[in-house]
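Visitor: Hey, dropping work26.tsv in here, TSV, C-alpha atoms:
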chain	number	residue	atom	x	y	z
A	1	MET	CA	-52.18	-75.13	-42.02
A	2	THR	CA	-55.30	-77.17	-41.44
A	3	ARG	CA	-57.24	-74.93	-39.12
A	4	ILE	CA	-57.07	-71.14	-38.92
A	5	PRO	CA	-58.63	-69.09	-36.12
A	6	ARG	CA	-61.47	-66.83	-37.18
A	7	HIS	CA	-60.63	-64.17	-34.61
A	8	ILE	CA	-57.19	-63.53	-33.07
A	9	GLY	CA	-56.52	-61.44	-29.98
A	10	ILE	CA	-53.18	-59.63	-29.85
A	11	ILE	CA	-51.57	-58.60	-26.55
A	12	PRO	CA	-48.46	-56.67	-27.68
A	13	ASP	CA	-46.60	-56.64	-24.38
A	14	GLY	CA	-42.94	-55.95	-23.56
A	15	ASN	CA	-42.48	-52.49	-25.12
A	16	ARG	CA	-41.04	-50.99	-21.94
A	17	ARG	CA	-38.73	-53.91	-21.19
A	18	TRP	CA	-37.53	-53.78	-24.79
A	19	ALA	CA	-36.72	-50.07	-24.45
A	20	THR	CA	-34.92	-50.59	-21.14
A	21	GLU	CA	-32.77	-53.35	-22.64
A	22	LYS	CA	-31.89	-51.01	-25.51
A	23	GLY	CA	-30.85	-48.31	-23.04
A	24	LEU	CA	-33.83	-46.14	-24.00
A	25	GLY	CA	-36.44	-44.50	-21.78
A	26	LYS	CA	-39.37	-46.85	-21.08
A	27	GLU	CA	-41.75	-44.56	-22.99
A	28	GLU	CA	-39.65	-44.91	-26.13
A	29	GLY	CA	-40.67	-48.53	-26.67
A	30	TYR	CA	-44.23	-47.89	-27.83
A	31	SER	CA	-43.43	-46.16	-31.12
A	32	HIS	CA	-41.38	-49.24	-32.04
A	33	GLY	CA	-44.52	-51.34	-31.69
A	34	ILE	CA	-46.45	-49.74	-34.56
A	35	SER	CA	-44.65	-51.23	-37.53
A	36	PRO	CA	-44.76	-54.80	-36.06
A	37	GLY	CA	-48.51	-54.33	-35.69
A	38	MET	CA	-48.94	-53.30	-39.31
A	39	GLU	CA	-46.81	-56.23	-40.44
A	40	LEU	CA	-48.90	-58.63	-38.37
A	41	PHE	CA	-52.11	-57.07	-39.73
A	42	HIS	CA	-50.97	-57.70	-43.31
A	43	ILE	CA	-49.97	-61.29	-42.54
A	44	CYS	CA	-53.35	-62.04	-40.97
A	45	GLN	CA	-55.17	-60.29	-43.80
A	46	ASN	CA	-53.34	-62.46	-46.32
A	47	LEU	CA	-54.10	-65.62	-44.32
A	48	GLY	CA	-57.81	-64.84	-44.53
A	49	ILE	CA	-58.30	-64.26	-40.82
A	50	ARG	CA	-61.67	-62.57	-40.36
A	51	GLU	CA	-61.24	-60.55	-37.18
A	52	MET	CA	-58.38	-59.23	-35.03
A	53	THR	CA	-58.47	-57.44	-31.69
A	54	PHE	CA	-55.45	-55.41	-30.62
A	55	TYR	CA	-54.98	-54.59	-26.94
A	56	GLY	CA	-54.03	-50.90	-27.14
A	57	PHE	CA	-54.19	-49.74	-23.54
A	58	THR	CA	-56.45	-50.13	-20.53
A	59	ALA	CA	-57.91	-47.68	-18.08
A	60	ASP	CA	-55.50	-49.16	-15.51
A	61	ASN	CA	-52.52	-48.48	-17.80
A	62	THR	CA	-53.31	-44.76	-17.68
A	63	LYS	CA	-52.18	-44.68	-14.04
A	64	ARG	CA	-48.59	-44.97	-15.30
A	65	PRO	CA	-46.31	-41.89	-15.46
A	66	SER	CA	-47.75	-39.35	-17.90
A	67	ILE	CA	-44.72	-39.51	-20.21
A	68	GLN	CA	-45.56	-43.19	-20.78
A	69	ARG	CA	-49.28	-42.55	-21.08
A	70	LEU	CA	-48.73	-39.88	-23.71
A	71	ALA	CA	-46.38	-42.20	-25.60
A	72	PHE	CA	-48.71	-45.22	-25.70
A	73	SER	CA	-51.70	-43.01	-26.51
A	74	ALA	CA	-49.81	-41.47	-29.44
A	75	ALA	CA	-48.78	-44.93	-30.67
A	76	CYS	CA	-52.42	-46.10	-30.61
A	77	VAL	CA	-53.60	-43.00	-32.48
A	78	GLN	CA	-50.96	-43.57	-35.13
A	79	ALA	CA	-51.74	-47.28	-35.45
A	80	VAL	CA	-55.46	-46.58	-35.91
A	81	GLU	CA	-54.73	-43.90	-38.49
A	82	PHE	CA	-52.51	-46.34	-40.41
A	83	LEU	CA	-55.19	-49.03	-40.25
A	84	SER	CA	-57.78	-46.58	-41.59
A	85	LYS	CA	-55.74	-46.42	-44.81
A	86	GLU	CA	-56.08	-50.19	-45.27
A	87	ASP	CA	-58.94	-52.47	-46.32
A	88	ALA	CA	-60.47	-53.02	-42.88
A	89	GLU	CA	-63.66	-52.67	-40.86
A	90	LEU	CA	-62.40	-50.71	-37.93
A	91	LEU	CA	-63.78	-50.19	-34.41
A	92	VAL	CA	-62.04	-48.44	-31.52
A	93	LEU	CA	-63.54	-49.73	-28.29
A	94	GLY	CA	-63.06	-48.16	-24.88
A	95	ASN	CA	-64.38	-45.68	-22.35
A	96	THR	CA	-64.74	-42.40	-24.23
A	97	LYS	CA	-66.20	-40.64	-21.17
A	98	SER	CA	-62.78	-40.16	-19.65
A	99	ALA	CA	-60.07	-37.57	-20.29
A	100	MET	CA	-57.73	-40.50	-20.92
A	101	PHE	CA	-59.46	-41.37	-24.20
A	102	PRO	CA	-57.55	-39.75	-27.10
A	103	LYS	CA	-59.88	-37.29	-28.86
A	104	GLU	CA	-58.32	-38.16	-32.21
A	105	LEU	CA	-59.91	-41.59	-31.98
A	106	LEU	CA	-63.49	-40.49	-31.31
A	107	PRO	CA	-64.41	-40.74	-35.04
A	108	TYR	CA	-63.55	-44.45	-34.93
A	109	THR	CA	-65.81	-45.49	-32.06
A	110	THR	CA	-68.55	-46.79	-34.34
A	111	ARG	CA	-67.48	-49.48	-36.79
A	112	LYS	CA	-66.69	-48.14	-40.24
A	113	VAL	CA	-65.53	-49.78	-43.44
A	114	PHE	CA	-62.28	-48.44	-44.86
A	115	GLY	CA	-61.14	-49.25	-48.40
A	116	ASN	CA	-62.68	-52.56	-49.41
A	117	GLY	CA	-63.17	-53.70	-45.80
A	118	GLY	CA	-62.99	-57.46	-45.38
A	119	ILE	CA	-61.26	-57.94	-42.03
A	120	LYS	CA	-62.78	-56.68	-38.77
A	121	ILE	CA	-60.24	-54.88	-36.61
A	122	ASN	CA	-61.10	-54.06	-33.00
A	123	PHE	CA	-58.67	-51.75	-31.25
A	124	LEU	CA	-59.08	-51.54	-27.46
A	125	VAL	CA	-58.27	-48.04	-26.21
A	126	ASN	CA	-58.85	-46.97	-22.61
A	127	TYR	CA	-60.62	-50.33	-22.25
A	128	SER	CA	-61.46	-52.05	-19.00
A	129	TYR	CA	-63.37	-55.26	-18.50
A	130	GLN	CA	-65.37	-53.65	-15.70
A	131	TRP	CA	-66.49	-50.92	-18.09
A	132	ASP	CA	-67.21	-53.52	-20.78
A	133	LEU	CA	-69.34	-55.68	-18.49
A	134	GLY	CA	-71.01	-52.75	-16.75
A	135	LEU	CA	-69.40	-53.70	-13.43
A	136	ARG	CA	-67.94	-51.54	-10.72
A	137	GLN	CA	-64.36	-52.12	-9.61
A	138	GLY	CA	-63.78	-55.49	-7.94
A	139	VAL	CA	-66.26	-58.35	-7.86
A	140	PRO	CA	-69.73	-56.81	-7.77
A	141	SER	CA	-72.56	-58.21	-5.71
A	142	SER	CA	-74.63	-58.69	-8.87
A	143	MET	CA	-72.40	-61.64	-9.72
A	144	LYS	CA	-73.31	-65.10	-8.46
A	145	SER	CA	-69.65	-65.54	-7.47
A	146	SER	CA	-69.55	-62.34	-5.40
A	147	ASP	CA	-68.14	-64.29	-2.43
A	148	VAL	CA	-65.12	-65.40	-4.51
A	149	SER	CA	-62.24	-62.94	-4.55
A	150	ARG	CA	-59.60	-62.11	-7.18
A	151	VAL	CA	-57.49	-65.11	-8.23
A	152	GLU	CA	-53.73	-64.50	-8.21
A	153	LEU	CA	-52.53	-67.81	-9.69
A	154	ILE	CA	-54.31	-70.38	-11.83
A	155	ILE	CA	-52.72	-73.79	-12.28
A	156	ARG	CA	-54.08	-75.88	-15.12
A	157	TRP	CA	-53.12	-79.51	-15.57
A	158	GLY	CA	-53.25	-81.40	-18.87
A	159	GLY	CA	-51.29	-79.00	-21.09
A	160	ARG	CA	-54.10	-76.85	-22.47
A	161	ARG	CA	-53.53	-73.13	-22.41
A	162	ARG	CA	-56.97	-71.68	-21.88
A	163	LEU	CA	-59.30	-70.67	-19.06
A	164	SER	CA	-62.37	-72.60	-20.28
A	165	GLY	CA	-64.68	-70.04	-18.72
A	166	PHE	CA	-63.08	-70.24	-15.26
A	167	LEU	CA	-64.21	-67.22	-13.15
A	168	PRO	CA	-63.55	-64.63	-15.87
A	169	VAL	CA	-63.83	-61.57	-13.64
A	170	GLN	CA	-61.77	-62.88	-10.73
A	171	SER	CA	-59.17	-64.28	-13.19
A	172	ALA	CA	-58.77	-61.07	-15.20
A	173	TYR	CA	-55.21	-60.49	-13.96
A	174	ALA	CA	-54.34	-64.00	-12.77
A	175	ASP	CA	-51.01	-65.55	-13.70
A	176	ILE	CA	-51.69	-68.82	-15.52
A	177	TYR	CA	-49.36	-71.78	-15.03
A	178	VAL	CA	-49.84	-74.85	-17.21
A	179	VAL	CA	-48.67	-78.31	-16.12
A	180	ASN	CA	-48.34	-80.71	-19.05
A	181	ASP	CA	-49.00	-83.80	-16.91
A	182	TYR	CA	-52.57	-84.98	-16.56
A	183	TRP	CA	-54.33	-84.21	-13.29
A	184	PRO	CA	-54.43	-87.79	-11.95
A	185	ASP	CA	-50.61	-87.77	-12.21
A	186	PHE	CA	-50.38	-84.83	-9.79
A	187	THR	CA	-47.16	-84.66	-7.80
A	188	VAL	CA	-46.00	-82.17	-5.21
A	189	SER	CA	-43.36	-80.93	-7.67
A	190	HIS	CA	-46.15	-79.43	-9.80
A	191	ILE	CA	-47.33	-77.07	-7.11
A	192	LYS	CA	-43.77	-76.30	-6.00
A	193	GLU	CA	-42.79	-75.33	-9.53
A	194	ALA	CA	-45.96	-73.31	-10.04
A	195	LEU	CA	-45.37	-71.36	-6.83
A	196	ALA	CA	-41.69	-70.80	-7.61
A	197	TRP	CA	-42.69	-69.46	-11.04
A	198	TYR	CA	-45.43	-67.29	-9.54
A	199	SER	CA	-43.07	-65.77	-6.99
A	200	LYS	CA	-40.94	-64.46	-9.87
A	201	GLN	CA	-43.83	-62.76	-11.72
A	202	ASP	CA	-44.36	-59.07	-11.22
A	203	ILE	CA	-47.75	-57.88	-10.04
A	204	THR	CA	-48.77	-54.77	-11.88
A	205	LEU	CA	-52.54	-55.10	-12.28
A	206	GLY	CA	-51.96	-53.05	-15.41
A	207	GLY	CA	-50.43	-50.09	-13.54
B	208	MET	CA	-40.60	-68.81	-1.29
B	209	THR	CA	-40.77	-65.03	-1.21
B	210	ARG	CA	-44.30	-64.41	-2.39
B	211	ILE	CA	-47.27	-66.74	-2.03
B	212	PRO	CA	-50.57	-66.26	-3.85
B	213	ARG	CA	-53.50	-65.52	-1.58
B	214	HIS	CA	-55.99	-67.33	-3.84
B	215	ILE	CA	-55.16	-70.18	-6.24
B	216	GLY	CA	-57.43	-71.45	-9.00
B	217	ILE	CA	-57.14	-75.14	-9.86
B	218	ILE	CA	-58.14	-76.48	-13.30
B	219	PRO	CA	-57.67	-80.25	-12.91
B	220	ASP	CA	-57.74	-81.22	-16.56
B	221	GLY	CA	-56.62	-84.39	-18.35
B	222	ASN	CA	-58.63	-87.05	-16.50
B	223	ARG	CA	-60.04	-88.55	-19.70
B	224	ARG	CA	-56.74	-88.52	-21.58
B	225	TRP	CA	-55.11	-90.14	-18.55
B	226	ALA	CA	-57.71	-92.91	-18.54
B	227	THR	CA	-57.37	-93.47	-22.30
B	228	GLU	CA	-53.59	-93.81	-22.00
B	229	LYS	CA	-54.09	-96.35	-19.21
B	230	GLY	CA	-56.45	-98.37	-21.42
B	231	LEU	CA	-59.43	-97.44	-19.25
B	232	GLY	CA	-62.78	-95.99	-20.23
B	233	LYS	CA	-62.70	-92.19	-20.35
B	234	GLU	CA	-65.15	-91.96	-17.46
B	235	GLU	CA	-62.80	-93.92	-15.23
B	236	GLY	CA	-60.32	-91.04	-14.98
B	237	TYR	CA	-62.34	-88.83	-12.67
B	238	SER	CA	-62.27	-91.00	-9.58
B	239	HIS	CA	-58.47	-90.97	-9.83
B	240	GLY	CA	-58.57	-87.19	-9.52
B	241	ILE	CA	-59.95	-87.07	-5.99
B	242	SER	CA	-56.90	-88.09	-4.00
B	243	PRO	CA	-54.60	-85.67	-5.90
B	244	GLY	CA	-57.07	-82.92	-5.01
B	245	MET	CA	-56.98	-83.77	-1.33
B	246	GLU	CA	-53.19	-83.91	-1.40
B	247	LEU	CA	-53.03	-80.50	-3.08
B	248	PHE	CA	-55.52	-79.10	-0.56
B	249	HIS	CA	-53.32	-80.20	2.34
B	250	ILE	CA	-50.19	-78.75	0.73
B	251	CYS	CA	-51.87	-75.38	0.20
B	252	GLN	CA	-53.33	-75.43	3.69
B	253	ASN	CA	-49.85	-75.99	5.13
B	254	LEU	CA	-48.39	-73.22	2.99
B	255	GLY	CA	-50.88	-70.78	4.48
B	256	ILE	CA	-52.77	-70.15	1.24
B	257	ARG	CA	-56.02	-68.40	2.12
B	258	GLU	CA	-58.37	-69.41	-0.67
B	259	MET	CA	-58.59	-72.09	-3.36
B	260	THR	CA	-61.10	-72.54	-6.16
B	261	PHE	CA	-61.44	-75.96	-7.78
B	262	TYR	CA	-62.99	-76.23	-11.25
B	263	GLY	CA	-65.33	-79.19	-10.76
B	264	PHE	CA	-67.46	-79.16	-13.89
B	265	THR	CA	-69.27	-76.66	-16.07
B	266	ALA	CA	-72.75	-76.55	-17.51
B	267	ASP	CA	-71.09	-77.16	-20.91
B	268	ASN	CA	-69.36	-80.30	-19.59
B	269	THR	CA	-72.76	-81.84	-18.85
B	270	LYS	CA	-73.35	-82.19	-22.61
B	271	ARG	CA	-70.84	-85.07	-22.62
B	272	PRO	CA	-72.02	-88.70	-22.66
B	273	SER	CA	-74.02	-89.44	-19.53
B	274	ILE	CA	-71.59	-92.14	-18.35
B	275	GLN	CA	-68.95	-89.40	-18.14
B	276	ARG	CA	-71.32	-86.89	-16.58
B	277	LEU	CA	-72.31	-89.33	-13.85
B	278	ALA	CA	-68.66	-90.11	-13.17
B	279	PHE	CA	-67.47	-86.51	-12.84
B	280	SER	CA	-70.56	-85.60	-10.81
B	281	ALA	CA	-69.85	-88.46	-8.41
B	282	ALA	CA	-66.20	-87.44	-8.12
B	283	CYS	CA	-67.22	-83.87	-7.24
B	284	VAL	CA	-69.69	-85.07	-4.62
B	285	GLN	CA	-67.04	-87.24	-3.05
B	286	ALA	CA	-64.41	-84.47	-3.10
B	287	VAL	CA	-66.78	-82.01	-1.41
B	288	GLU	CA	-67.72	-84.59	1.22
B	289	PHE	CA	-64.02	-85.23	1.93
B	290	LEU	CA	-63.37	-81.49	2.18
B	291	SER	CA	-66.24	-81.11	4.64
B	292	LYS	CA	-64.30	-83.34	7.06
B	293	GLU	CA	-61.36	-80.90	6.98
B	294	ASP	CA	-60.73	-77.47	8.48
B	295	ALA	CA	-62.17	-75.39	5.68
B	296	GLU	CA	-64.76	-72.74	4.80
B	297	LEU	CA	-66.56	-74.42	1.98
B	298	LEU	CA	-68.78	-73.05	-0.79
B	299	VAL	CA	-70.15	-75.00	-3.75
B	300	LEU	CA	-70.93	-72.53	-6.53
B	301	GLY	CA	-72.97	-73.30	-9.62
B	302	ASN	CA	-76.40	-73.30	-11.17
B	303	THR	CA	-78.61	-75.25	-8.77
B	304	LYS	CA	-81.73	-74.64	-10.91
B	305	SER	CA	-80.76	-77.38	-13.32
B	306	ALA	CA	-81.19	-81.14	-13.16
B	307	MET	CA	-77.43	-81.39	-13.76
B	308	PHE	CA	-76.66	-80.04	-10.30
B	309	PRO	CA	-76.03	-82.98	-7.91
B	310	LYS	CA	-78.66	-82.88	-5.14
B	311	GLU	CA	-76.12	-84.15	-2.63
B	312	LEU	CA	-74.30	-80.82	-2.91
B	313	LEU	CA	-77.28	-78.52	-2.24
B	314	PRO	CA	-76.40	-78.25	1.51
B	315	TYR	CA	-73.04	-76.73	0.54
B	316	THR	CA	-74.30	-73.86	-1.62
B	317	THR	CA	-74.00	-71.30	1.16
B	318	ARG	CA	-70.55	-70.94	2.70
B	319	LYS	CA	-70.11	-72.94	5.90
B	320	VAL	CA	-67.21	-73.38	8.28
B	321	PHE	CA	-66.11	-76.98	8.81
B	322	GLY	CA	-63.78	-77.96	11.64
B	323	ASN	CA	-61.66	-74.95	12.53
B	324	GLY	CA	-62.12	-73.33	9.10
B	325	GLY	CA	-59.20	-71.17	8.07
B	326	ILE	CA	-58.96	-71.72	4.32
B	327	LYS	CA	-61.76	-70.74	1.94
B	328	ILE	CA	-62.52	-73.46	-0.59
B	329	ASN	CA	-64.75	-72.69	-3.57
B	330	PHE	CA	-65.83	-75.68	-5.61
B	331	LEU	CA	-67.39	-74.86	-8.99
B	332	VAL	CA	-70.13	-77.36	-9.84
B	333	ASN	CA	-72.40	-76.95	-12.87
B	334	TYR	CA	-70.79	-73.51	-13.18
B	335	SER	CA	-70.86	-71.30	-16.24
B	336	TYR	CA	-69.49	-67.82	-16.61
B	337	GLN	CA	-72.68	-66.73	-18.37
B	338	TRP	CA	-74.69	-67.84	-15.35
B	339	ASP	CA	-72.18	-66.17	-13.01
B	340	LEU	CA	-72.29	-62.84	-14.84
B	341	GLY	CA	-76.04	-62.98	-15.46
B	342	LEU	CA	-75.49	-63.16	-19.23
B	343	ARG	CA	-77.26	-65.13	-21.88
B	344	GLN	CA	-75.29	-67.43	-24.14
B	345	GLY	CA	-72.84	-65.63	-26.42
B	346	VAL	CA	-71.89	-61.98	-26.16
B	347	PRO	CA	-74.97	-60.13	-24.94
B	348	SER	CA	-76.01	-56.72	-26.19
B	349	SER	CA	-75.70	-55.33	-22.67
B	350	MET	CA	-71.94	-55.48	-23.05
B	351	LYS	CA	-70.08	-52.53	-24.50
B	352	SER	CA	-68.11	-55.00	-26.64
B	353	SER	CA	-71.23	-56.64	-28.09
B	354	ASP	CA	-69.88	-56.12	-31.62
B	355	VAL	CA	-66.76	-58.20	-30.81
B	356	SER	CA	-67.16	-61.94	-31.27
B	357	ARG	CA	-65.61	-64.93	-29.51
B	358	VAL	CA	-61.80	-65.00	-29.66
B	359	GLU	CA	-60.32	-68.33	-30.76
B	360	LEU	CA	-56.60	-67.57	-30.29
B	361	ILE	CA	-54.84	-65.00	-28.14
B	362	ILE	CA	-51.16	-64.31	-28.76
B	363	ARG	CA	-49.33	-62.47	-26.04
B	364	TRP	CA	-45.81	-61.15	-26.49
B	365	GLY	CA	-43.37	-60.45	-23.65
B	366	GLY	CA	-43.55	-63.77	-21.80
B	367	ARG	CA	-46.31	-63.04	-19.29
B	368	ARG	CA	-48.96	-65.68	-18.92
B	369	ARG	CA	-52.09	-63.74	-18.11
B	370	LEU	CA	-54.99	-62.04	-19.86
B	371	SER	CA	-54.70	-58.68	-18.06
B	372	GLY	CA	-58.42	-58.10	-18.39
B	373	PHE	CA	-58.50	-58.69	-22.17
B	374	LEU	CA	-62.13	-59.24	-23.31
B	375	PRO	CA	-63.00	-61.72	-20.54
B	376	VAL	CA	-66.26	-62.94	-22.06
B	377	GLN	CA	-65.03	-63.34	-25.63
B	378	SER	CA	-61.81	-64.96	-24.36
B	379	ALA	CA	-63.52	-67.49	-22.08
B	380	TYR	CA	-62.48	-70.45	-24.25
B	381	ALA	CA	-59.62	-68.88	-26.22
B	382	ASP	CA	-56.34	-70.75	-26.63
B	383	ILE	CA	-53.55	-68.57	-25.25
B	384	TYR	CA	-50.13	-68.60	-26.92
B	385	VAL	CA	-47.28	-66.76	-25.22
B	386	VAL	CA	-44.26	-65.47	-27.15
B	387	ASN	CA	-41.29	-64.77	-24.90
B	388	ASP	CA	-39.86	-62.09	-27.20
B	389	TYR	CA	-40.91	-58.51	-26.61
B	390	TRP	CA	-43.47	-57.05	-28.99
B	391	PRO	CA	-41.09	-54.64	-30.81
B	392	ASP	CA	-39.02	-57.72	-31.75
B	393	PHE	CA	-41.99	-59.24	-33.61
B	394	THR	CA	-41.04	-61.57	-36.46
B	395	VAL	CA	-43.21	-63.56	-38.84
B	396	SER	CA	-42.03	-66.77	-37.16
B	397	HIS	CA	-44.03	-65.79	-34.04
B	398	ILE	CA	-47.35	-65.80	-35.82
B	399	LYS	CA	-46.41	-68.90	-37.83
B	400	GLU	CA	-45.57	-70.81	-34.68
B	401	ALA	CA	-48.69	-69.58	-32.89
B	402	LEU	CA	-50.91	-70.69	-35.78
B	403	ALA	CA	-49.18	-74.05	-36.08
B	404	TRP	CA	-49.70	-74.59	-32.34
B	405	TYR	CA	-53.32	-73.46	-32.56
B	406	SER	CA	-54.08	-75.82	-35.43
B	407	LYS	CA	-53.12	-78.75	-33.16
B	408	GLN	CA	-55.39	-77.74	-30.26
B	409	ASP	CA	-58.74	-79.43	-29.97
B	410	ILE	CA	-61.82	-77.26	-29.84
B	411	THR	CA	-64.26	-78.59	-27.29
B	412	LEU	CA	-65.85	-75.46	-25.80
B	413	GLY	CA	-66.19	-77.63	-22.71
B	414	GLY	CA	-68.30	-80.25	-24.48
Please re-express this file's structure in structure tokens.

Guide:
Amino acid sequence: MTRIPRHIGIIPDGNRRWATEKGLGKEEGYSHGISPGMELFHICQNLGIREMTFYGFTADNTKRPSIQRLAFSAACVQAVEFLSKEDAELLVLGNTKSAMFPKELLPYTTRKVFGNGGIKINFLVNYSYQWDLGLRQGVPSSMKSSDVSRVELIIRWGGRRRLSGFLPVQSAYADIYVVNDYWPDFTVSHIKEALAWYSKQDITLGG
Amino acid sequence: MTRIPRHIGIIPDGNRRWATEKGLGKEEGYSHGISPGMELFHICQNLGIREMTFYGFTADNTKRPSIQRLAFSAACVQAVEFLSKEDAELLVLGNTKSAMFPKELLPYTTRKVFGNGGIKINFLVNYSYQWDLGLRQGVPSSMKSSDVSRVELIIRWGGRRRLSGFLPVQSAYADIYVVNDYWPDFTVSHIKEALAWYSKQDITLGG
């Protein structure tokens, strides 16, 4: 490996679909996500990665049925408690001024060194980008781009899988379609395929 | 097509790689990106898409060699002038208080209806998300996540190609790797493949 990322973001999605495919209740998927997370933590620790951020749950996720909310909250509490027994510099980051924030995690909301520290772990719990940025819901008038609305689909040509700073607030929930061809080689099939793909994506906005 | 996006973001990347593969100077790619853009505009207009945002260039892009900067600036000016001859509601959005903003585009920096209007077109020119959000470079202390640094690599399990509001500022230039398997089916090969892919990506940060 020639080049290792300093900081990795982890979006551990698919717990509910996994449970459904196993014939379990959707809420039963989350507890099966804890041990993969610990395994991944140990791999990254051994690789010398300096910082990891796990996407626990968002403020929008808490609008789901309460049986699911209780299950993913419990899984996050357990994951954080496991991590606190490791060598890690741990921070739980999210809106604590809401009943949806698990009280068990309040002691972790300032960064603390556990064991010998060494790797920074950020765990997002009851997080929302609007809360993070000090914005109200939607695109606030304080933004220069206030006249630009939410983006549903982003199509990027040239094969790179990144946003490159493209409208971060409006793109927060956008579906991102990457065309490997370079932009000057645009053909109508690109947009047709992107739209066909988009029409099969679910829109949840985190709910 | 069952479901059409209301607003599409367009990241027309690969102009320089296209030119290099054709044996041309890198700066010669941009002018070949104008007619694809007009073709795509007409397709989206006919599909009834309500809003499009084109990523022209960013403040970071202007750090490139001036021959390239002049070429992509000229291509953006020409594209906007072409669009102003169409039925469109046009807005050029970017930092006008910089010498890098093309003077020719100043008349377009408040939204105006051209022809019969109908589709909103946002064209990002000398844009930066820090400027948009009113932030200084980096992760400012006004953010709740100020202790979380830039993310280099995001790995998402479960096949969905979106950020879902994950740390929008820190993720602005992150490379996004999607694993189709669900998170509870995590295996070490996922992280190995993600890291191998990451190590082959270039890091430009728009420069």

Visitor: Have a look at atom CA of Ser189 of chain A and atom CA of Met259 of chain B and let me know their distance in Å, one decimal.

Guide: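 About the pair atom CA of Ser189 of chain A and atom CA of Met259 of chain B: they are 18.1 Å apart.
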
Visitor: Tell me which protein, DNA and RNA residues are within 12 Å of Gly255 of chain B, counting only C-alpha atoms, leaving out same-chain ones fewer than 5 positions away, and put them as a VMD selection string.

Guide: chain B and resid 208 210 to 215 248 to 250 325 to 327

Visitor: Kindly provide, as a PDB file with C-alpha atoms, keeping the file's coordinate frame, the residues of chain B having any atom no farther than 6 Å from an atom of chain A, counting only C-alpha atoms.

Guide:
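That gives us part.pdb:
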ATOM      1  CA  ARG B 210     -44.300 -64.410  -2.390  1.00  0.00           C
ATOM      2  CA  PRO B 212     -50.570 -66.260  -3.850  1.00  0.00           C
ATOM      3  CA  HIS B 214     -55.990 -67.330  -3.840  1.00  0.00           C
ATOM      4  CA  ILE B 215     -55.160 -70.180  -6.240  1.00  0.00           C
ATOM      5  CA  GLY B 216     -57.430 -71.450  -9.000  1.00  0.00           C
ATOM      6  CA  ILE B 217     -57.140 -75.140  -9.860  1.00  0.00           C
ATOM      7  CA  ILE B 218     -58.140 -76.480 -13.300  1.00  0.00           C
ATOM      8  CA  PRO B 219     -57.670 -80.250 -12.910  1.00  0.00           C
ATOM      9  CA  ASP B 220     -57.740 -81.220 -16.560  1.00  0.00           C
ATOM     10  CA  GLY B 221     -56.620 -84.390 -18.350  1.00  0.00           C
ATOM     11  CA  HIS B 239     -58.470 -90.970  -9.830  1.00  0.00           C
ATOM     12  CA  GLY B 240     -58.570 -87.190  -9.520  1.00  0.00           C
ATOM     13  CA  PRO B 243     -54.600 -85.670  -5.900  1.00  0.00           C
ATOM     14  CA  TYR B 336     -69.490 -67.820 -16.610  1.00  0.00           C
ATOM     15  CA  ASP B 339     -72.180 -66.170 -13.010  1.00  0.00           C
ATOM     16  CA  LEU B 340     -72.290 -62.840 -14.840  1.00  0.00           C
ATOM     17  CA  MET B 350     -71.940 -55.480 -23.050  1.00  0.00           C
ATOM     18  CA  LYS B 351     -70.080 -52.530 -24.500  1.00  0.00           C
ATOM     19  CA  VAL B 358     -61.800 -65.000 -29.660  1.00  0.00           C
ATOM     20  CA  GLU B 359     -60.320 -68.330 -30.760  1.00  0.00           C
ATOM     21  CA  LEU B 360     -56.600 -67.570 -30.290  1.00  0.00           C
ATOM     22  CA  ILE B 361     -54.840 -65.000 -28.140  1.00  0.00           C
ATOM     23  CA  ILE B 362     -51.160 -64.310 -28.760  1.00  0.00           C
ATOM     24  CA  ARG B 363     -49.330 -62.470 -26.040  1.00  0.00           C
ATOM     25  CA  TRP B 364     -45.810 -61.150 -26.490  1.00  0.00           C
ATOM     26  CA  GLY B 365     -43.370 -60.450 -23.650  1.00  0.00           C
ATOM     27  CA  ARG B 368     -48.960 -65.680 -18.920  1.00  0.00           C
ATOM     28  CA  ARG B 369     -52.090 -63.740 -18.110  1.00  0.00           C
ATOM     29  CA  SER B 371     -54.700 -58.680 -18.060  1.00  0.00           C
ATOM     30  CA  GLY B 372     -58.420 -58.100 -18.390  1.00  0.00           C
ATOM     31  CA  PRO B 375     -63.000 -61.720 -20.540  1.00  0.00           C
ATOM     32  CA  ALA B 379     -63.520 -67.490 -22.080  1.00  0.00           C
ATOM     33  CA  TYR B 380     -62.480 -70.450 -24.250  1.00  0.00           C
ATOM     34  CA  ALA B 381     -59.620 -68.880 -26.220  1.00  0.00           C
ATOM     35  CA  ASP B 382     -56.340 -70.750 -26.630  1.00  0.00           C
ATOM     36  CA  ILE B 383     -53.550 -68.570 -25.250  1.00  0.00           C
ATOM     37  CA  TYR B 389     -40.910 -58.510 -26.610  1.00  0.00           C
ATOM     38  CA  TRP B 390     -43.470 -57.050 -28.990  1.00  0.00           C
ATOM     39  CA  PRO B 391     -41.090 -54.640 -30.810  1.00  0.00           C
ATOM     40  CA  PHE B 393     -41.990 -59.240 -33.610  1.00  0.00           C
ATOM     41  CA  SER B 406     -54.080 -75.820 -35.430  1.00  0.00           C
TER      42      SER B 406
END

Visitor: Record the distance separating atom CA of Leu105 of chain A and atom CA of Phe57 of chain A, expressed in Å with one decimal.

Guide: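 Distance reported for this atom pair: 13.1 Å.
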
Visitor: Just the number, please: distance in Å from atom CA of Ile410 of chain B to atom CA of Ala281 of chain B, one decimal.

Guide: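 Going from atom CA of Ile410 of chain B over to atom CA of Ala281 of chain B, I get 25.5 Å.
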